[in-house]
$ cat structure-v1.cif   # mmCIF, C-alpha atoms
data_input
#
loop_
_atom_site.label_atom_id
_atom_site.label_comp_id
_atom_site.auth_asym_id
_atom_site.auth_seq_id
_atom_site.Cartn_x
_atom_site.Cartn_y
_atom_site.Cartn_z
CA MET A 108 144.73 109.72 -2.37
CA ARG A 109 143.76 112.96 -4.05
CA LEU A 110 140.17 113.65 -4.98
CA ALA A 111 139.27 114.45 -8.57
CA LEU A 112 135.75 115.92 -8.67
CA PHE A 113 133.78 116.33 -11.87
CA ASP A 114 130.59 118.12 -12.77
CA LEU A 115 128.62 116.01 -15.24
CA ASP A 116 126.41 118.05 -17.56
CA ASN A 117 128.27 120.06 -20.19
CA THR A 118 131.53 119.02 -18.54
CA LEU A 119 132.03 115.26 -18.93
CA LEU A 120 129.04 115.17 -21.30
CA GLY A 121 128.59 117.27 -24.42
CA GLY A 122 125.10 118.21 -23.27
CA ASP A 123 122.75 118.25 -20.28
CA SER A 124 121.51 114.82 -19.12
CA ASP A 125 118.56 116.24 -17.17
CA HIS A 126 117.28 118.28 -20.10
CA ALA A 127 117.90 115.34 -22.43
CA TRP A 128 115.77 113.09 -20.19
CA GLY A 129 112.86 115.49 -20.56
CA ASP A 130 113.34 115.61 -24.31
CA TYR A 131 113.45 111.80 -24.44
CA LEU A 132 110.11 111.54 -22.62
CA CYS A 133 108.52 114.08 -24.95
CA GLU A 134 109.89 112.63 -28.18
CA ARG A 135 108.41 109.24 -27.32
CA GLY A 136 105.01 110.66 -26.42
CA ILE A 137 105.35 109.79 -22.72
CA LEU A 138 104.88 113.43 -21.79
CA ASP A 139 103.02 116.14 -23.68
CA THR A 140 105.52 117.87 -25.91
CA VAL A 141 103.91 121.30 -25.94
CA THR A 142 103.44 121.75 -22.20
CA TYR A 143 106.41 119.79 -20.82
CA LYS A 144 109.12 120.67 -23.33
CA THR A 145 108.26 124.36 -23.26
CA ARG A 146 108.52 124.44 -19.45
CA ASN A 147 111.62 122.23 -19.47
CA ASP A 148 113.33 124.61 -21.91
CA GLU A 149 112.40 127.58 -19.70
CA PHE A 150 113.95 125.94 -16.65
CA TYR A 151 117.10 125.13 -18.63
CA GLN A 152 117.48 128.74 -19.75
CA ASP A 153 117.04 129.84 -16.13
CA TYR A 154 119.81 127.40 -15.16
CA LEU A 155 122.16 128.77 -17.81
CA ALA A 156 121.39 132.30 -16.62
CA GLY A 157 122.09 131.37 -12.99
CA LYS A 158 118.56 132.10 -11.79
CA LEU A 159 116.99 128.64 -11.57
CA ASP A 160 114.30 128.07 -8.92
CA ASN A 161 115.61 124.61 -8.10
CA THR A 162 112.70 123.55 -5.88
CA ALA A 163 110.19 124.38 -8.60
CA TYR A 164 112.31 122.54 -11.16
CA LEU A 165 112.62 119.41 -9.04
CA ASN A 166 108.88 119.29 -8.38
CA PHE A 167 108.37 119.57 -12.12
CA CYS A 168 110.84 116.97 -13.36
CA LEU A 169 110.47 114.29 -10.68
CA GLU A 170 106.68 114.01 -10.94
CA ILE A 171 106.93 111.38 -13.70
CA LEU A 172 108.97 109.11 -11.40
CA GLY A 173 106.21 109.09 -8.81
CA ARG A 174 103.52 107.82 -11.16
CA THR A 175 105.51 105.21 -13.08
CA GLU A 176 106.39 101.65 -12.12
CA MET A 177 110.07 100.91 -11.55
CA ALA A 178 110.29 98.32 -14.33
CA GLN A 179 108.99 100.83 -16.85
CA LEU A 180 111.38 103.51 -15.63
CA ASP A 181 114.31 101.10 -15.98
CA GLU A 182 113.27 100.24 -19.54
CA TRP A 183 112.97 103.90 -20.48
CA HIS A 184 116.35 104.66 -18.93
CA ARG A 185 118.10 101.91 -20.92
CA ASP A 186 116.72 103.38 -24.14
CA TYR A 187 117.66 106.89 -23.00
CA MET A 188 121.23 105.82 -22.28
CA ARG A 189 121.56 104.30 -25.74
CA ASP A 190 119.84 107.05 -27.72
CA CYS A 191 120.64 110.21 -25.75
CA ILE A 192 123.70 109.70 -23.55
CA GLU A 193 126.06 107.53 -25.59
CA PRO A 194 126.17 110.11 -28.42
CA ILE A 195 127.25 112.91 -26.04
CA ILE A 196 129.95 111.06 -24.09
CA LEU A 197 133.11 112.99 -24.91
CA PRO A 198 136.24 110.95 -25.77
CA LYS A 199 138.45 113.60 -24.19
CA ALA A 200 136.39 113.34 -21.01
CA LEU A 201 137.06 109.61 -20.90
CA GLN A 202 140.76 110.35 -21.37
CA LEU A 203 140.72 112.87 -18.52
CA LEU A 204 139.04 110.37 -16.22
CA ALA A 205 141.60 107.76 -17.22
CA ARG A 206 144.51 110.08 -16.44
CA HIS A 207 143.24 110.71 -12.93
CA ARG A 208 142.43 107.04 -12.44
CA ASP A 209 145.93 106.03 -13.57
CA ALA A 210 147.41 108.60 -11.17
CA GLY A 211 145.67 106.81 -8.29
CA ASP A 212 143.17 109.58 -7.64
CA THR A 213 139.69 108.96 -6.25
CA LEU A 214 137.09 109.98 -8.84
CA LEU A 215 133.75 111.51 -7.86
CA ILE A 216 130.97 113.01 -9.96
CA ILE A 217 129.02 115.74 -8.19
CA THR A 218 125.94 116.90 -10.07
CA ALA A 219 122.72 118.82 -9.60
CA THR A 220 120.90 116.28 -11.76
CA ASN A 221 119.00 113.63 -9.84
CA ARG A 222 120.39 110.20 -8.99
CA PHE A 223 117.82 108.29 -11.08
CA VAL A 224 119.13 109.94 -14.23
CA THR A 225 122.81 110.07 -13.32
CA ALA A 226 123.71 106.84 -11.48
CA PRO A 227 123.78 104.74 -14.68
CA ILE A 228 125.77 107.49 -16.42
CA ALA A 229 128.39 107.52 -13.65
CA ALA A 230 128.62 103.73 -13.91
CA ARG A 231 129.04 103.97 -17.70
CA LEU A 232 131.90 106.44 -17.18
CA GLY A 233 133.54 104.12 -14.66
CA VAL A 234 133.19 106.56 -11.76
CA GLU A 235 132.38 104.77 -8.52
CA HIS A 236 131.45 107.74 -6.35
CA LEU A 237 128.43 109.96 -7.10
CA ILE A 238 126.88 112.84 -5.22
CA ALA A 239 123.60 113.86 -6.85
CA THR A 240 120.23 115.34 -6.02
CA GLU A 241 118.32 112.58 -4.27
CA CYS A 242 114.91 111.18 -5.22
CA GLU A 243 112.68 110.12 -2.34
CA MET A 244 111.66 106.46 -2.31
CA ILE A 245 108.77 104.97 -0.33
CA ASP A 246 108.10 101.23 -0.24
CA GLY A 247 110.45 100.52 -3.11
CA ARG A 248 109.25 103.13 -5.58
CA TYR A 249 109.76 106.80 -6.21
CA SER A 250 107.43 109.29 -4.57
CA GLY A 251 107.96 112.00 -7.19
CA ARG A 252 109.62 114.26 -4.63
CA THR A 253 113.19 115.11 -3.78
CA THR A 254 114.83 114.53 -0.42
CA ASP A 255 117.98 115.77 1.37
CA VAL A 256 119.85 118.93 0.40
CA ALA A 257 119.64 119.56 -3.34
CA CYS A 258 123.09 119.16 -4.90
CA PHE A 259 123.02 122.59 -6.52
CA ARG A 260 125.20 125.67 -6.06
CA GLU A 261 126.05 125.99 -2.33
CA GLY A 262 124.22 122.69 -1.80
CA LYS A 263 127.08 120.95 -3.60
CA VAL A 264 129.47 122.22 -0.95
CA THR A 265 127.16 121.07 1.84
CA ARG A 266 126.76 117.60 0.36
CA LEU A 267 130.48 117.24 -0.39
CA LYS A 268 131.51 118.25 3.14
CA ARG A 269 129.22 115.58 4.56
CA TRP A 270 130.65 113.00 2.15
CA LEU A 271 134.18 113.96 3.18
CA GLU A 272 133.33 113.43 6.84
CA GLU A 273 131.72 110.07 6.13
CA SER A 274 134.43 108.79 3.78
CA GLY A 275 137.52 110.15 5.49
CA HIS A 276 138.75 111.90 2.35
CA SER A 277 140.03 115.46 2.29
CA LEU A 278 140.35 118.23 -0.28
CA ASP A 279 144.15 118.32 -0.01
CA GLY A 280 145.49 118.53 -3.57
CA SER A 281 141.97 118.08 -4.95
CA TYR A 282 140.69 118.95 -8.44
CA PHE A 283 137.25 120.07 -9.53
CA TYR A 284 136.25 120.35 -13.19
CA SER A 285 133.13 122.32 -14.12
CA ASP A 286 131.61 124.34 -16.95
CA SER A 287 129.22 126.45 -14.89
CA MET A 288 129.27 129.62 -12.82
CA ASN A 289 126.67 127.83 -10.68
CA ASP A 290 129.60 125.78 -9.33
CA LEU A 291 131.67 128.76 -8.19
CA ALA A 292 131.17 127.98 -4.49
CA LEU A 293 132.65 124.50 -4.95
CA LEU A 294 135.41 125.62 -7.30
CA GLU A 295 136.56 127.93 -4.50
CA GLN A 296 136.92 124.97 -2.11
CA VAL A 297 139.41 122.83 -4.04
CA ALA A 298 143.16 123.11 -4.52
CA ASN A 299 142.93 122.91 -8.31
CA PRO A 300 139.80 124.44 -9.87
CA VAL A 301 139.53 123.90 -13.63
CA ALA A 302 137.00 125.53 -15.96
CA VAL A 303 135.89 123.15 -18.72
CA ASP A 304 134.30 124.67 -21.83
CA PRO A 305 132.99 127.29 -19.42
CA ASP A 306 129.95 129.51 -19.72
CA PRO A 307 130.81 133.20 -20.28
CA ASN A 308 130.54 134.14 -16.60
CA LEU A 309 132.79 131.30 -15.44
CA ARG A 310 135.26 132.01 -18.25
CA ALA A 311 135.56 135.61 -17.05
CA GLU A 312 135.92 134.47 -13.43
CA ALA A 313 138.56 131.91 -14.34
CA SER A 314 140.52 134.54 -16.26
CA LYS A 315 140.36 136.92 -13.32
CA ARG A 316 141.55 134.28 -10.85
CA GLY A 317 144.12 132.63 -13.10
CA TRP A 318 142.33 129.28 -13.16
CA PRO A 319 143.09 126.87 -16.03
CA VAL A 320 140.53 126.74 -18.83
CA ILE A 321 140.37 123.55 -20.91
CA SER A 322 138.14 122.05 -23.58
CA LEU A 323 136.98 118.44 -23.78
CA ARG A 324 135.14 118.97 -27.06
CA GLY A 325 136.27 118.58 -30.63
#

$ encode --input "structure-v1.cif" --output "structure tokens"
Amino acid sequence: MRLALFDLDNTLLGGDSDHAWGDYLCERGILDTVTYKTRNDEFYQDYLAGKLDNTAYLNFCLEILGRTEMAQLDEWHRDYMRDCIEPIILPKALQLLARHRDAGDTLLIITATNRFVTAPIAARLGVEHLIATECEMIDGRYSGRTTDVACFREGKVTRLKRWLEESGHSLDGSYFYSDSMNDLALLEQVANPVAVDPDPNLRAEASKRGWPVISLRG
């Protein structure tokens, strides 16, 4: 079976789930709006510009997981899914997933956003396989730190190659859909790279290389 790989944020979703999680926590007074949202916005702009210090960002955004009980986190996440994620699920993205599913392809979301945030989103989209940045757990609760190779830029390639070895899949005939120049290293690995509502740098790269450019919005 062919692999169909999908970035999540600003590709299958009409927004960024990681940034939206931070906004959710601030809007409900869980985190201080002035200090957290300002820093969260700065990290997001660094990401869009391709200069994100990912270690610093992960230390920043995972801290709340380490000091909150699991039951409370689950309750927050249910509200976040309803209020923040459902409105940005793109109908055309669901149609794209359905086309690959109907073709017998194996669907996999590969995202830099952490597994706590993204696992329920992948389940909502009906995608069984997920490679995401991992959150360390100790004695059944989050530590507030990341673990394993961060699933970001070249780290996506590293994590995917390991998954391929473990699962027995290959990249023969594979697709990868992404909006971001940060995913160039992985786009170069697949048989069918597709730019989805791409940022300006990826749009230029796709044009130069003759890659398809599609939109899932509107």

$ resolve_selection --input "structure-v1.cif" --expression "the PyMOL selection byres ((chain A and resi 262-277) around 8)" --output "VMD selection string"
chain A and resid 108 to 110 217 to 219 238 256 to 261 278 to 279 281 290 292 to 293

$ closest_residue --input "structure-v1.cif" --among "A:Leu214, A:Met244, A:Leu119, A:Leu155" --to "Met177 of chain A" --atoms "only C-alpha atoms"
A:Met244

$ residues_around --input "structure-v1.cif" --residues "Asp148 of chain A" --least-positions-apart "4" --cutoff "8 Å" --atoms "only C-alpha atoms" --output "list in words"
His126, Lys144 and Gln152 of chain A

$ write_last_selection --input "structure-v1.cif" --atoms "C-alpha atoms" --output "short mmCIF file (atom, residue, chain, number, x, y, z; two decimals), keeping the file's coordinate frame"
data_model
loop_
_atom_site.label_atom_id
_atom_site.label_comp_id
_atom_site.auth_asym_id
_atom_site.auth_seq_id
_atom_site.Cartn_x
_atom_site.Cartn_y
_atom_site.Cartn_z
CA HIS A 126 117.28 118.28 -20.10
CA LYS A 144 109.12 120.67 -23.33
CA GLN A 152 117.48 128.74 -19.75
#

$ closest_residue --input "structure-v1.cif" --among "A:Ile196, A:Val301, A:Leu165, A:Leu180" --to "Glu241 of chain A" --atoms "all atoms listed in the file"
A:Leu165

$ closest_residue --input "structure-v1.cif" --among "A:Thr225, A:Ser250, A:Asn117, A:Asn147" --to "Leu197 of chain A" --atoms "only C-alpha atoms"
A:Asn117

$ atom_distance --input "structure-v1.cif" --atom1 "atom CA of Thr145 of chain A" --atom2 "atom CA of Asp304 of chain A"
26.1 Å

$ resolve_selection --input "structure-v1.cif" --expression "the PyMOL selection byres ((chain A and resi 248) around 10)" --output "JSON list (two decimals) with C-alpha atoms, in the coordinates of the input"
[["chain", "number", "residue", "atom", "x", "y", "z"],
["A", 172, "LEU", "CA", 108.97, 109.11, -11.40],
["A", 173, "GLY", "CA", 106.21, 109.09, -8.81],
["A", 174, "ARG", "CA", 103.52, 107.82, -11.16],
["A", 175, "THR", "CA", 105.51, 105.21, -13.08],
["A", 176, "GLU", "CA", 106.39, 101.65, -12.12],
["A", 177, "MET", "CA", 110.07, 100.91, -11.55],
["A", 242, "CYS", "CA", 114.91, 111.18, -5.22],
["A", 243, "GLU", "CA", 112.68, 110.12, -2.34],
["A", 244, "MET", "CA", 111.66, 106.46, -2.31],
["A", 245, "ILE", "CA", 108.77, 104.97, -0.33],
["A", 246, "ASP", "CA", 108.10, 101.23, -0.24],
["A", 247, "GLY", "CA", 110.45, 100.52, -3.11],
["A", 249, "TYR", "CA", 109.76, 106.80, -6.21],
["A", 250, "SER", "CA", 107.43, 109.29, -4.57],
["A", 251, "GLY", "CA", 107.96, 112.00, -7.19]]

$ residues_around --input "structure-v1.cif" --residues "segment 206-208 of chain A" --least-positions-apart "2" --cutoff "12 Å" --atoms "only C-alpha atoms" --output "ChimeraX atom specification"
/A:108-113,199-204,210-215,232-235,281-284
